[in-house]
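Asker: Take this structure, written in structure tokens, and hold onto it; I'll ask about it next.
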Amino acid sequence: MSTPADSRFRCSLAARERGDVPVGTAVPAPYWFVVGHSGPWPAKPIEADPLTEVAGELSAQLNRFGARLQLVRRHGRLEGPLVEADGLQPVFLVDVRRGLIGRSTWRTPRDLVELAGRFDDLPDPTEEPLVLVCTHARKDVCCAIDGRVVAAVLDDALPGAVWETTHLGGDRFAGNTALLPEGSMYGQLDGDSAPRVVLDHFDGQVDLERWRGRSCWAPVVQVAVHDVLGSVPGARLADVAEPTATDLGSGTWRVDVDLAGSVHSRLVTRTMSEAHVLTCNGAPKQQALFTVTTPD
């Protein structure tokens with residue numbers, strides 16, 4: 001006997017009930033390799049056809065830079081062997097720290113291997129943003145249900161900039177969005193909040209309740225910057241220089257955040273939660289919890 005869809009466990013609803021906090025969960029990715037692929041998408045992007053033909057070589061190239069592989073397609077495209085009219089699909093090489101996106105195309109898997117080695121020499125670089133929204137149904141039901149709504153409303157608000165994508169981590173925070181090339185990530189977006197949050201972010205305003213962090217920073221740094229943005233009047237993310245984190249041992253770090261030339265220090269302590277089911281289909285797991293204080 002099947003279970004009615006509305007009675008199935010939903011990790012995003014459970015996370016809201018627990019009060020899980022998104023900050024500190026942006027995926028660790030200083031570089032992103034974003035590949036146009038109409039689907040179907042397996043659970044792991046590297047296992048998508050025809051990437052499997054060069055999986056070893058492509059993974060080795062990406063690992064050289066610590067680059068994250070994402071598959072993308074335009075919102076509303078059906079899964080299947082659909083490609084652009086000339087047989088080409090887009091490729092974006094994102095350097096978060098430099099704030100640049102290289103643009104190219106691919107036709108064969110070998111093209112991807114060659115492009116994956118070009119993070120030091122970005123093709124056709126631009127600062128124009130990409131907005132990725134996780135709609136990865138094969139990975140998590142919440143990403144499909146919540147993500148597709150978010151993709152639809154953002155596509156209306158930012159035509160041409162929005163792409164559906166594979167897993168962005170943090171399933172329980174669906175709908176999840178990555179704003180590239182900056183690397184900021186948001187969770188717990190819905191059809192009402194998504195346009196406001198993303199457009200405000202591009203205007204320099206961070207929604208601290210939904211901000212997951214920035215992908216070029218470690219979780220403890222994301223948490224410290226979040227605290228500074230929330231406690232220093234007039235603080236702007238754009239004014240934050242590269243923070244430094246010092247491991248003090250026993251699960252505590254000192255993070256120094258340079259905000260427009262003024263250094264704000266925070267002590268971030270990490271503990272682990274009780275085990276909870278954090279994805280729609282996964283087993284119970286612990287999650288990191290962070291507390292922030294100001295050093296004497």
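Chains: A, B, ... in order of the structure tokens. Residues: from 1 per chain. Ligands: from 1, in order shown.
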Output as a Markdown table one row per residue of stretch 92-155 of chain A within 12 Å of stretch 223-243 of chain A: the closest atom pair and its distance in Å to one decimal place, counting only C-alpha atoms, sorted by chain and residue number ascending.
Answerer:
| residue | atom | partner | partner_atom | distance |
| --- | --- | --- | --- | --- |
| A:Val96 | CA | A:Glu242 | CA | 11.9 |
| A:Arg97 | CA | A:Glu242 | CA | 9.0 |
| A:Arg98 | CA | A:Glu242 | CA | 11.5 |
| A:Gly99 | CA | A:Ala238 | CA | 11.5 |
Asker: List every residue of stretch 66-220 of chain A that DSSP, applied to the backbone of this structure, places in strand (DSSP E), and write the result as an mmCIF file with all heavy atoms, in the first residue's frame.
Answerer:
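Wrote out32.cif, looks like this:
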data_model
loop_
_atom_site.group_PDB
_atom_site.id
_atom_site.type_symbol
_atom_site.label_atom_id
_atom_site.label_comp_id
_atom_site.auth_asym_id
_atom_site.auth_seq_id
_atom_site.Cartn_x
_atom_site.Cartn_y
_atom_site.Cartn_z
ATOM 1 N N ALA A 67 37.560 22.108 -7.208
ATOM 2 C CA ALA A 67 36.367 22.622 -7.884
ATOM 3 C C ALA A 67 35.182 21.679 -7.701
ATOM 4 O O ALA A 67 35.337 20.461 -7.719
ATOM 5 C CB ALA A 67 36.642 22.824 -9.372
ATOM 6 N N ARG A 68 34.020 22.248 -7.581
ATOM 7 C CA ARG A 68 32.777 21.502 -7.388
ATOM 8 C C ARG A 68 32.052 21.375 -8.722
ATOM 9 O O ARG A 68 31.854 22.363 -9.433
ATOM 10 C CB ARG A 68 31.889 22.214 -6.369
ATOM 11 C CG ARG A 68 30.567 21.496 -6.096
ATOM 12 C CD ARG A 68 29.715 22.259 -5.094
ATOM 13 N NE ARG A 68 28.449 21.584 -4.840
ATOM 14 C CZ ARG A 68 28.264 20.643 -3.933
ATOM 15 N NH1 ARG A 68 29.281 20.257 -3.169
ATOM 16 N NH2 ARG A 68 27.082 20.069 -3.760
ATOM 17 N N LEU A 69 31.635 20.172 -9.056
ATOM 18 C CA LEU A 69 30.902 19.910 -10.295
ATOM 19 C C LEU A 69 29.401 20.063 -10.067
ATOM 20 O O LEU A 69 28.834 19.464 -9.159
ATOM 21 C CB LEU A 69 31.206 18.492 -10.787
ATOM 22 C CG LEU A 69 30.406 17.985 -11.988
ATOM 23 C CD1 LEU A 69 30.679 18.826 -13.224
ATOM 24 C CD2 LEU A 69 30.714 16.509 -12.255
ATOM 25 N N GLN A 70 28.783 20.884 -10.885
ATOM 26 C CA GLN A 70 27.323 21.051 -10.884
ATOM 27 C C GLN A 70 26.801 20.851 -12.296
ATOM 28 O O GLN A 70 27.403 21.335 -13.263
ATOM 29 C CB GLN A 70 26.924 22.461 -10.425
ATOM 30 C CG GLN A 70 27.265 22.815 -9.004
ATOM 31 C CD GLN A 70 26.398 22.131 -7.976
ATOM 32 O OE1 GLN A 70 26.912 21.735 -6.921
ATOM 33 N NE2 GLN A 70 25.117 21.983 -8.237
ATOM 34 N N LEU A 71 25.678 20.155 -12.421
ATOM 35 C CA LEU A 71 24.954 20.088 -13.682
ATOM 36 C C LEU A 71 23.822 21.098 -13.636
ATOM 37 O O LEU A 71 23.200 21.295 -12.587
ATOM 38 C CB LEU A 71 24.406 18.681 -13.913
ATOM 39 C CG LEU A 71 25.406 17.528 -13.848
ATOM 40 C CD1 LEU A 71 24.700 16.199 -14.120
ATOM 41 C CD2 LEU A 71 26.565 17.736 -14.806
ATOM 42 N N VAL A 72 23.551 21.741 -14.766
ATOM 43 C CA VAL A 72 22.499 22.756 -14.807
ATOM 44 C C VAL A 72 21.665 22.604 -16.075
ATOM 45 O O VAL A 72 22.111 22.056 -17.083
ATOM 46 C CB VAL A 72 23.067 24.191 -14.750
ATOM 47 C CG1 VAL A 72 23.758 24.454 -13.427
ATOM 48 C CG2 VAL A 72 23.993 24.474 -15.925
ATOM 49 N N ARG A 73 20.453 23.123 -15.986
ATOM 50 C CA ARG A 73 19.585 23.245 -17.156
ATOM 51 C C ARG A 73 18.658 24.424 -16.916
ATOM 52 O O ARG A 73 18.420 24.842 -15.778
ATOM 53 C CB ARG A 73 18.777 21.966 -17.382
ATOM 54 C CG ARG A 73 17.829 21.629 -16.239
ATOM 55 C CD ARG A 73 17.137 20.295 -16.464
ATOM 56 N NE ARG A 73 16.392 19.902 -15.274
ATOM 57 C CZ ARG A 73 16.346 18.668 -14.793
ATOM 58 N NH1 ARG A 73 17.007 17.691 -15.391
ATOM 59 N NH2 ARG A 73 15.638 18.393 -13.727
ATOM 60 N N ARG A 74 18.152 24.960 -17.983
ATOM 61 C CA ARG A 74 17.206 26.065 -17.865
ATOM 62 C C ARG A 74 15.936 25.594 -17.159
ATOM 63 O O ARG A 74 15.511 24.442 -17.330
ATOM 64 C CB ARG A 74 16.850 26.621 -19.241
ATOM 65 C CG ARG A 74 17.965 27.401 -19.891
ATOM 66 C CD ARG A 74 18.280 28.673 -19.137
ATOM 67 N NE ARG A 74 19.189 29.536 -19.872
ATOM 68 C CZ ARG A 74 19.718 30.640 -19.363
ATOM 69 N NH1 ARG A 74 19.434 30.993 -18.121
ATOM 70 N NH2 ARG A 74 20.530 31.380 -20.074
ATOM 71 N N GLN A 89 26.326 22.704 -25.382
ATOM 72 C CA GLN A 89 25.787 23.004 -24.067
ATOM 73 C C GLN A 89 26.747 23.967 -23.371
ATOM 74 O O GLN A 89 27.967 23.932 -23.616
ATOM 75 C CB GLN A 89 25.647 21.728 -23.228
ATOM 76 C CG GLN A 89 24.534 20.804 -23.683
ATOM 77 C CD GLN A 89 23.192 21.144 -23.031
ATOM 78 O OE1 GLN A 89 22.970 22.284 -22.619
ATOM 79 N NE2 GLN A 89 22.318 20.165 -22.934
ATOM 80 N N PRO A 90 26.249 24.823 -22.480
ATOM 81 C CA PRO A 90 27.125 25.802 -21.836
ATOM 82 C C PRO A 90 27.988 25.172 -20.749
ATOM 83 O O PRO A 90 27.646 24.145 -20.162
ATOM 84 C CB PRO A 90 26.132 26.797 -21.230
ATOM 85 C CG PRO A 90 24.908 25.981 -20.968
ATOM 86 C CD PRO A 90 24.828 24.987 -22.104
ATOM 87 N N VAL A 91 29.118 25.808 -20.496
ATOM 88 C CA VAL A 91 29.996 25.479 -19.372
ATOM 89 C C VAL A 91 30.408 26.794 -18.721
ATOM 90 O O VAL A 91 30.774 27.754 -19.418
ATOM 91 C CB VAL A 91 31.261 24.718 -19.805
ATOM 92 C CG1 VAL A 91 32.137 24.399 -18.590
ATOM 93 C CG2 VAL A 91 30.908 23.447 -20.543
ATOM 94 N N PHE A 92 30.339 26.835 -17.381
ATOM 95 C CA PHE A 92 30.763 28.007 -16.634
ATOM 96 C C PHE A 92 31.839 27.590 -15.628
ATOM 97 O O PHE A 92 31.647 26.636 -14.873
ATOM 98 C CB PHE A 92 29.585 28.642 -15.889
ATOM 99 C CG PHE A 92 28.427 29.003 -16.781
ATOM 100 C CD1 PHE A 92 27.306 28.178 -16.853
ATOM 101 C CD2 PHE A 92 28.454 30.157 -17.549
ATOM 102 C CE1 PHE A 92 26.231 28.499 -17.667
ATOM 103 C CE2 PHE A 92 27.383 30.483 -18.373
ATOM 104 C CZ PHE A 92 26.268 29.658 -18.433
ATOM 105 N N LEU A 93 32.963 28.297 -15.632
ATOM 106 C CA LEU A 93 34.033 28.070 -14.671
ATOM 107 C C LEU A 93 34.031 29.238 -13.702
ATOM 108 O O LEU A 93 34.281 30.383 -14.103
ATOM 109 C CB LEU A 93 35.393 27.961 -15.361
ATOM 110 C CG LEU A 93 35.643 26.757 -16.261
ATOM 111 C CD1 LEU A 93 35.068 26.972 -17.652
ATOM 112 C CD2 LEU A 93 37.140 26.474 -16.350
ATOM 113 N N VAL A 94 33.737 28.972 -12.432
ATOM 114 C CA VAL A 94 33.527 30.028 -11.461
ATOM 115 C C VAL A 94 34.699 30.086 -10.485
ATOM 116 O O VAL A 94 35.037 29.086 -9.849
ATOM 117 C CB VAL A 94 32.215 29.803 -10.683
ATOM 118 C CG1 VAL A 94 31.981 30.957 -9.707
ATOM 119 C CG2 VAL A 94 31.042 29.653 -11.649
ATOM 120 N N ASP A 95 35.301 31.254 -10.385
ATOM 121 C CA ASP A 95 36.350 31.522 -9.402
ATOM 122 C C ASP A 95 35.752 32.470 -8.365
ATOM 123 O O ASP A 95 35.618 33.672 -8.609
ATOM 124 C CB ASP A 95 37.567 32.155 -10.085
ATOM 125 C CG ASP A 95 38.742 32.356 -9.142
ATOM 126 O OD1 ASP A 95 38.518 32.534 -7.930
ATOM 127 O OD2 ASP A 95 39.895 32.358 -9.614
ATOM 128 N N LEU A 100 34.840 35.958 -10.654
ATOM 129 C CA LEU A 100 34.752 35.893 -12.107
ATOM 130 C C LEU A 100 34.150 34.564 -12.545
ATOM 131 O O LEU A 100 34.314 33.537 -11.880
ATOM 132 C CB LEU A 100 36.139 36.049 -12.734
ATOM 133 C CG LEU A 100 36.815 37.407 -12.609
ATOM 134 C CD1 LEU A 100 38.237 37.334 -13.138
ATOM 135 C CD2 LEU A 100 36.019 38.470 -13.356
ATOM 136 N N ILE A 101 33.489 34.597 -13.710
ATOM 137 C CA ILE A 101 32.929 33.400 -14.323
ATOM 138 C C ILE A 101 33.456 33.305 -15.747
ATOM 139 O O ILE A 101 33.264 34.222 -16.555
ATOM 140 C CB ILE A 101 31.395 33.438 -14.341
ATOM 141 C CG1 ILE A 101 30.832 33.487 -12.922
ATOM 142 C CG2 ILE A 101 30.841 32.218 -15.095
ATOM 143 C CD1 ILE A 101 29.316 33.611 -12.871
ATOM 144 N N GLY A 102 34.133 32.191 -16.053
ATOM 145 C CA GLY A 102 34.534 31.920 -17.422
ATOM 146 C C GLY A 102 33.398 31.213 -18.161
ATOM 147 O O GLY A 102 32.689 30.404 -17.577
ATOM 148 N N ARG A 103 33.249 31.511 -19.452
ATOM 149 C CA ARG A 103 32.123 30.977 -20.222
ATOM 150 C C ARG A 103 32.623 30.263 -21.464
ATOM 151 O O ARG A 103 33.458 30.780 -22.204
ATOM 152 C CB ARG A 103 31.173 32.107 -20.618
ATOM 153 C CG ARG A 103 30.562 32.851 -19.446
ATOM 154 C CD ARG A 103 29.791 34.071 -19.884
ATOM 155 N NE ARG A 103 30.688 35.088 -20.453
ATOM 156 C CZ ARG A 103 30.288 36.299 -20.848
ATOM 157 N NH1 ARG A 103 29.024 36.635 -20.755
ATOM 158 N NH2 ARG A 103 31.169 37.160 -21.347
ATOM 159 N N SER A 104 32.079 29.060 -21.677
ATOM 160 C CA SER A 104 32.429 28.306 -22.880
ATOM 161 C C SER A 104 31.278 27.351 -23.194
ATOM 162 O O SER A 104 30.172 27.481 -22.631
ATOM 163 C CB SER A 104 33.744 27.545 -22.666
ATOM 164 O OG SER A 104 34.190 26.967 -23.878
ATOM 165 N N THR A 105 31.534 26.397 -24.057
ATOM 166 C CA THR A 105 30.533 25.397 -24.428
ATOM 167 C C THR A 105 31.210 24.044 -24.562
ATOM 168 O O THR A 105 32.442 23.951 -24.682
ATOM 169 C CB THR A 105 29.844 25.740 -25.761
ATOM 170 O OG1 THR A 105 30.845 25.884 -26.778
ATOM 171 C CG2 THR A 105 29.028 27.022 -25.640
ATOM 172 N N TRP A 106 30.383 22.985 -24.533
ATOM 173 C CA TRP A 106 30.923 21.644 -24.749
ATOM 174 C C TRP A 106 30.010 20.837 -25.650
ATOM 175 O O TRP A 106 28.798 21.035 -25.676
ATOM 176 C CB TRP A 106 31.130 20.919 -23.421
ATOM 177 C CG TRP A 106 29.876 20.443 -22.718
ATOM 178 C CD1 TRP A 106 28.982 21.196 -22.011
ATOM 179 C CD2 TRP A 106 29.402 19.095 -22.652
ATOM 180 N NE1 TRP A 106 27.975 20.415 -21.505
ATOM 181 C CE2 TRP A 106 28.207 19.120 -21.879
ATOM 182 C CE3 TRP A 106 29.861 17.875 -23.156
ATOM 183 C CZ2 TRP A 106 27.469 17.958 -21.601
ATOM 184 C CZ3 TRP A 106 29.128 16.719 -22.871
ATOM 185 C CH2 TRP A 106 27.949 16.777 -22.107
ATOM 186 N N LEU A 130 25.324 34.235 -11.976
ATOM 187 C CA LEU A 130 24.531 33.033 -12.201
ATOM 188 C C LEU A 130 23.773 32.733 -10.925
ATOM 189 O O LEU A 130 24.330 32.820 -9.826
ATOM 190 C CB LEU A 130 25.418 31.826 -12.519
ATOM 191 C CG LEU A 130 26.189 31.776 -13.827
ATOM 192 C CD1 LEU A 130 27.026 30.506 -13.862
ATOM 193 C CD2 LEU A 130 25.236 31.817 -15.010
ATOM 194 N N VAL A 131 22.515 32.368 -11.047
ATOM 195 C CA VAL A 131 21.708 31.963 -9.904
ATOM 196 C C VAL A 131 21.346 30.493 -10.089
ATOM 197 O O VAL A 131 20.641 30.138 -11.031
ATOM 198 C CB VAL A 131 20.431 32.817 -9.791
ATOM 199 C CG1 VAL A 131 19.569 32.349 -8.617
ATOM 200 C CG2 VAL A 131 20.785 34.293 -9.636
ATOM 201 N N LEU A 132 21.875 29.641 -9.210
ATOM 202 C CA LEU A 132 21.606 28.211 -9.281
ATOM 203 C C LEU A 132 20.598 27.836 -8.213
ATOM 204 O O LEU A 132 20.740 28.222 -7.051
ATOM 205 C CB LEU A 132 22.889 27.399 -9.075
ATOM 206 C CG LEU A 132 24.097 27.738 -9.949
ATOM 207 C CD1 LEU A 132 25.200 26.715 -9.713
ATOM 208 C CD2 LEU A 132 23.720 27.807 -11.414
ATOM 209 N N VAL A 133 19.588 27.062 -8.594
ATOM 210 C CA VAL A 133 18.558 26.597 -7.656
ATOM 211 C C VAL A 133 18.517 25.080 -7.704
ATOM 212 O O VAL A 133 18.332 24.488 -8.772
ATOM 213 C CB VAL A 133 17.168 27.162 -8.019
ATOM 214 C CG1 VAL A 133 16.128 26.700 -7.000
ATOM 215 C CG2 VAL A 133 17.200 28.683 -8.091
ATOM 216 N N CYS A 134 18.711 24.438 -6.552
ATOM 217 C CA CYS A 134 18.700 22.979 -6.525
ATOM 218 C C CYS A 134 17.288 22.445 -6.744
ATOM 219 O O CYS A 134 16.364 22.775 -6.004
ATOM 220 C CB CYS A 134 19.243 22.467 -5.195
ATOM 221 S SG CYS A 134 19.220 20.659 -5.085
ATOM 222 N N VAL A 162 18.930 32.418 -14.270
ATOM 223 C CA VAL A 162 18.558 31.350 -13.337
ATOM 224 C C VAL A 162 18.664 29.980 -14.010
ATOM 225 O O VAL A 162 18.202 29.782 -15.136
ATOM 226 C CB VAL A 162 17.124 31.573 -12.806
ATOM 227 C CG1 VAL A 162 16.716 30.453 -11.850
ATOM 228 C CG2 VAL A 162 17.023 32.937 -12.117
ATOM 229 N N TRP A 163 19.268 29.040 -13.271
ATOM 230 C CA TRP A 163 19.434 27.672 -13.754
ATOM 231 C C TRP A 163 19.033 26.695 -12.659
ATOM 232 O O TRP A 163 19.379 26.882 -11.491
ATOM 233 C CB TRP A 163 20.893 27.413 -14.123
ATOM 234 C CG TRP A 163 21.425 28.282 -15.205
ATOM 235 C CD1 TRP A 163 21.837 29.585 -15.095
ATOM 236 C CD2 TRP A 163 21.599 27.928 -16.580
ATOM 237 N NE1 TRP A 163 22.258 30.058 -16.311
ATOM 238 C CE2 TRP A 163 22.133 29.062 -17.243
ATOM 239 C CE3 TRP A 163 21.378 26.763 -17.307
ATOM 240 C CZ2 TRP A 163 22.433 29.062 -18.600
ATOM 241 C CZ3 TRP A 163 21.679 26.755 -18.665
ATOM 242 C CH2 TRP A 163 22.192 27.887 -19.305
ATOM 243 N N GLU A 164 18.307 25.658 -13.043
ATOM 244 C CA GLU A 164 18.111 24.531 -12.133
ATOM 245 C C GLU A 164 19.418 23.759 -12.052
ATOM 246 O O GLU A 164 20.159 23.673 -13.035
ATOM 247 C CB GLU A 164 16.997 23.613 -12.655
ATOM 248 C CG GLU A 164 15.638 24.260 -12.699
ATOM 249 C CD GLU A 164 14.541 23.276 -13.083
ATOM 250 O OE1 GLU A 164 14.860 22.074 -13.257
ATOM 251 O OE2 GLU A 164 13.388 23.691 -13.218
ATOM 252 N N THR A 165 19.705 23.187 -10.873
ATOM 253 C CA THR A 165 20.988 22.509 -10.704
ATOM 254 C C THR A 165 20.872 21.291 -9.813
ATOM 255 O O THR A 165 19.844 21.053 -9.162
ATOM 256 C CB THR A 165 22.034 23.486 -10.130
ATOM 257 O OG1 THR A 165 23.337 22.895 -10.242
ATOM 258 C CG2 THR A 165 21.759 23.803 -8.662
ATOM 259 N N THR A 177 19.719 27.901 -2.859
ATOM 260 C CA THR A 177 20.161 28.717 -3.987
ATOM 261 C C THR A 177 21.620 29.111 -3.791
ATOM 262 O O THR A 177 22.044 29.408 -2.669
ATOM 263 C CB THR A 177 19.307 29.995 -4.092
ATOM 264 O OG1 THR A 177 17.944 29.630 -4.288
ATOM 265 C CG2 THR A 177 19.743 30.863 -5.256
ATOM 266 N N ALA A 178 22.393 29.106 -4.875
ATOM 267 C CA ALA A 178 23.762 29.608 -4.871
ATOM 268 C C ALA A 178 23.849 30.796 -5.819
ATOM 269 O O ALA A 178 23.358 30.735 -6.951
ATOM 270 C CB ALA A 178 24.743 28.519 -5.306
ATOM 271 N N LEU A 179 24.459 31.868 -5.341
ATOM 272 C CA LEU A 179 24.634 33.080 -6.136
ATOM 273 C C LEU A 179 26.106 33.180 -6.527
ATOM 274 O O LEU A 179 26.975 33.411 -5.683
ATOM 275 C CB LEU A 179 24.212 34.313 -5.323
ATOM 276 C CG LEU A 179 22.822 34.242 -4.673
ATOM 277 C CD1 LEU A 179 22.506 35.543 -3.944
ATOM 278 C CD2 LEU A 179 21.751 33.936 -5.709
ATOM 279 N N LEU A 180 26.375 32.989 -7.797
ATOM 280 C CA LEU A 180 27.736 32.975 -8.313
ATOM 281 C C LEU A 180 27.962 34.192 -9.203
ATOM 282 O O LEU A 180 27.021 34.666 -9.842
ATOM 283 C CB LEU A 180 27.968 31.682 -9.114
ATOM 284 C CG LEU A 180 27.716 30.384 -8.337
ATOM 285 C CD1 LEU A 180 27.866 29.181 -9.267
ATOM 286 C CD2 LEU A 180 28.629 30.255 -7.132
ATOM 287 N N SER A 184 27.794 33.175 -2.329
ATOM 288 C CA SER A 184 26.820 33.181 -1.241
ATOM 289 C C SER A 184 25.729 32.166 -1.528
ATOM 290 O O SER A 184 25.317 31.980 -2.678
ATOM 291 C CB SER A 184 26.195 34.564 -1.065
ATOM 292 O OG SER A 184 26.969 35.363 -0.194
ATOM 293 N N MET A 185 25.266 31.515 -0.464
ATOM 294 C CA MET A 185 24.218 30.523 -0.596
ATOM 295 C C MET A 185 23.095 30.842 0.381
ATOM 296 O O MET A 185 23.337 31.320 1.490
ATOM 297 C CB MET A 185 24.775 29.120 -0.331
ATOM 298 C CG MET A 185 25.876 28.719 -1.290
ATOM 299 S SD MET A 185 26.425 27.007 -1.060
ATOM 300 C CE MET A 185 24.947 26.115 -1.569
ATOM 301 N N TYR A 186 21.870 30.578 -0.071
ATOM 302 C CA TYR A 186 20.684 30.774 0.769
ATOM 303 C C TYR A 186 19.892 29.485 0.847
ATOM 304 O O TYR A 186 19.878 28.685 -0.098
ATOM 305 C CB TYR A 186 19.790 31.880 0.196
ATOM 306 C CG TYR A 186 20.282 33.277 0.486
ATOM 307 C CD1 TYR A 186 21.055 33.970 -0.433
ATOM 308 C CD2 TYR A 186 19.973 33.904 1.693
ATOM 309 C CE1 TYR A 186 21.510 35.248 -0.174
ATOM 310 C CE2 TYR A 186 20.418 35.187 1.967
ATOM 311 C CZ TYR A 186 21.182 35.859 1.036
ATOM 312 O OH TYR A 186 21.636 37.124 1.314
ATOM 313 N N TRP A 211 20.694 33.064 5.105
ATOM 314 C CA TRP A 211 22.028 32.991 4.511
ATOM 315 C C TRP A 211 22.771 31.783 5.055
ATOM 316 O O TRP A 211 22.939 31.628 6.264
ATOM 317 C CB TRP A 211 22.794 34.265 4.830
ATOM 318 C CG TRP A 211 24.097 34.453 4.114
ATOM 319 C CD1 TRP A 211 24.281 34.541 2.765
ATOM 320 C CD2 TRP A 211 25.388 34.603 4.710
ATOM 321 N NE1 TRP A 211 25.622 34.753 2.477
ATOM 322 C CE2 TRP A 211 26.320 34.787 3.662
ATOM 323 C CE3 TRP A 211 25.851 34.601 6.027
ATOM 324 C CZ2 TRP A 211 27.687 34.969 3.888
ATOM 325 C CZ3 TRP A 211 27.202 34.787 6.265
ATOM 326 C CH2 TRP A 211 28.108 34.964 5.209
ATOM 327 N N ARG A 212 23.221 30.897 4.176
ATOM 328 C CA ARG A 212 23.969 29.702 4.576
ATOM 329 C C ARG A 212 25.459 29.986 4.717
ATOM 330 O O ARG A 212 26.170 29.241 5.396
ATOM 331 C CB ARG A 212 23.753 28.578 3.559
ATOM 332 C CG ARG A 212 22.347 27.996 3.562
ATOM 333 C CD ARG A 212 22.167 26.910 2.509
ATOM 334 N NE ARG A 212 23.166 25.852 2.663
ATOM 335 C CZ ARG A 212 23.334 24.865 1.783
ATOM 336 N NH1 ARG A 212 22.570 24.819 0.689
ATOM 337 N NH2 ARG A 212 24.252 23.948 1.980
ATOM 338 N N GLY A 213 25.933 31.040 4.086
ATOM 339 C CA GLY A 213 27.346 31.369 4.132
ATOM 340 C C GLY A 213 27.884 31.589 2.733
ATOM 341 O O GLY A 213 27.127 31.756 1.775
ATOM 342 N N ARG A 214 29.210 31.565 2.646
ATOM 343 C CA ARG A 214 29.890 31.792 1.372
ATOM 344 C C ARG A 214 30.818 30.623 1.111
ATOM 345 O O ARG A 214 31.567 30.196 1.991
ATOM 346 C CB ARG A 214 30.669 33.109 1.431
ATOM 347 C CG ARG A 214 31.092 33.631 0.087
ATOM 348 C CD ARG A 214 31.616 35.045 0.154
ATOM 349 N NE ARG A 214 32.211 35.411 -1.128
ATOM 350 C CZ ARG A 214 33.364 36.036 -1.260
ATOM 351 N NH1 ARG A 214 34.049 36.398 -0.182
ATOM 352 N NH2 ARG A 214 33.835 36.311 -2.448
#
Asker: Enter the distance from atom CA of A:Val220 to atom CA of A:Trp253, in Å, rounded to one decimal.
Answerer: 7.3 Å
Asker: From the set A:Thr271, A:Thr135, A:Thr279, A:Asn63, which residue has the shortest atom-to-atom contact distance to A:Pro30, counting only C-alpha atoms?
Answerer: A:Asn63
Asker: A:Glu209: which residues within 9 Å, counting only C-alpha atoms, same-chain residues fewer than 5 positions away excluded, as a list in words?
Answerer: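 The filter keeps Val21, Pro22, Val23, Gly187 and Gln188 of chain A.
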Asker: Store the residues of this selection in a file with N, CA and C atoms, as a PDB file, in the first residue's frame.
Answerer:
ATOM      1  N   VAL A  21      19.499  26.023  11.944  1.00  0.00           N
ATOM      2  CA  VAL A  21      19.993  27.308  11.454  1.00  0.00           C
ATOM      3  C   VAL A  21      20.829  27.085  10.194  1.00  0.00           C
ATOM      4  N   PRO A  22      20.537  27.786   9.096  1.00  0.00           N
ATOM      5  CA  PRO A  22      21.265  27.545   7.845  1.00  0.00           C
ATOM      6  C   PRO A  22      22.733  27.966   7.853  1.00  0.00           C
ATOM      7  N   VAL A  23      23.092  29.007   8.618  1.00  0.00           N
ATOM      8  CA  VAL A  23      24.445  29.544   8.505  1.00  0.00           C
ATOM      9  C   VAL A  23      25.481  28.500   8.910  1.00  0.00           C
ATOM     10  N   GLY A 187      19.224  29.289   1.987  1.00  0.00           N
ATOM     11  CA  GLY A 187      18.328  28.164   2.171  1.00  0.00           C
ATOM     12  C   GLY A 187      16.991  28.631   2.709  1.00  0.00           C
ATOM     13  N   GLN A 188      16.050  27.683   2.777  1.00  0.00           N
ATOM     14  CA  GLN A 188      14.704  27.939   3.288  1.00  0.00           C
ATOM     15  C   GLN A 188      13.978  29.030   2.494  1.00  0.00           C
TER      16      GLN A 188
END
Asker: If you run DSSP on the backbone, which residues of stretch 14-131 of chain A are alpha helix (DSSP H), as number ranges by chain?
Answerer: A: 14-18, 55-65, 109-115
Asker: Could you tell me how far atom CA of A:Leu199 sits from atom CA of A:Ala29, in Å to one decimal place?
Answerer: 22.9 Å
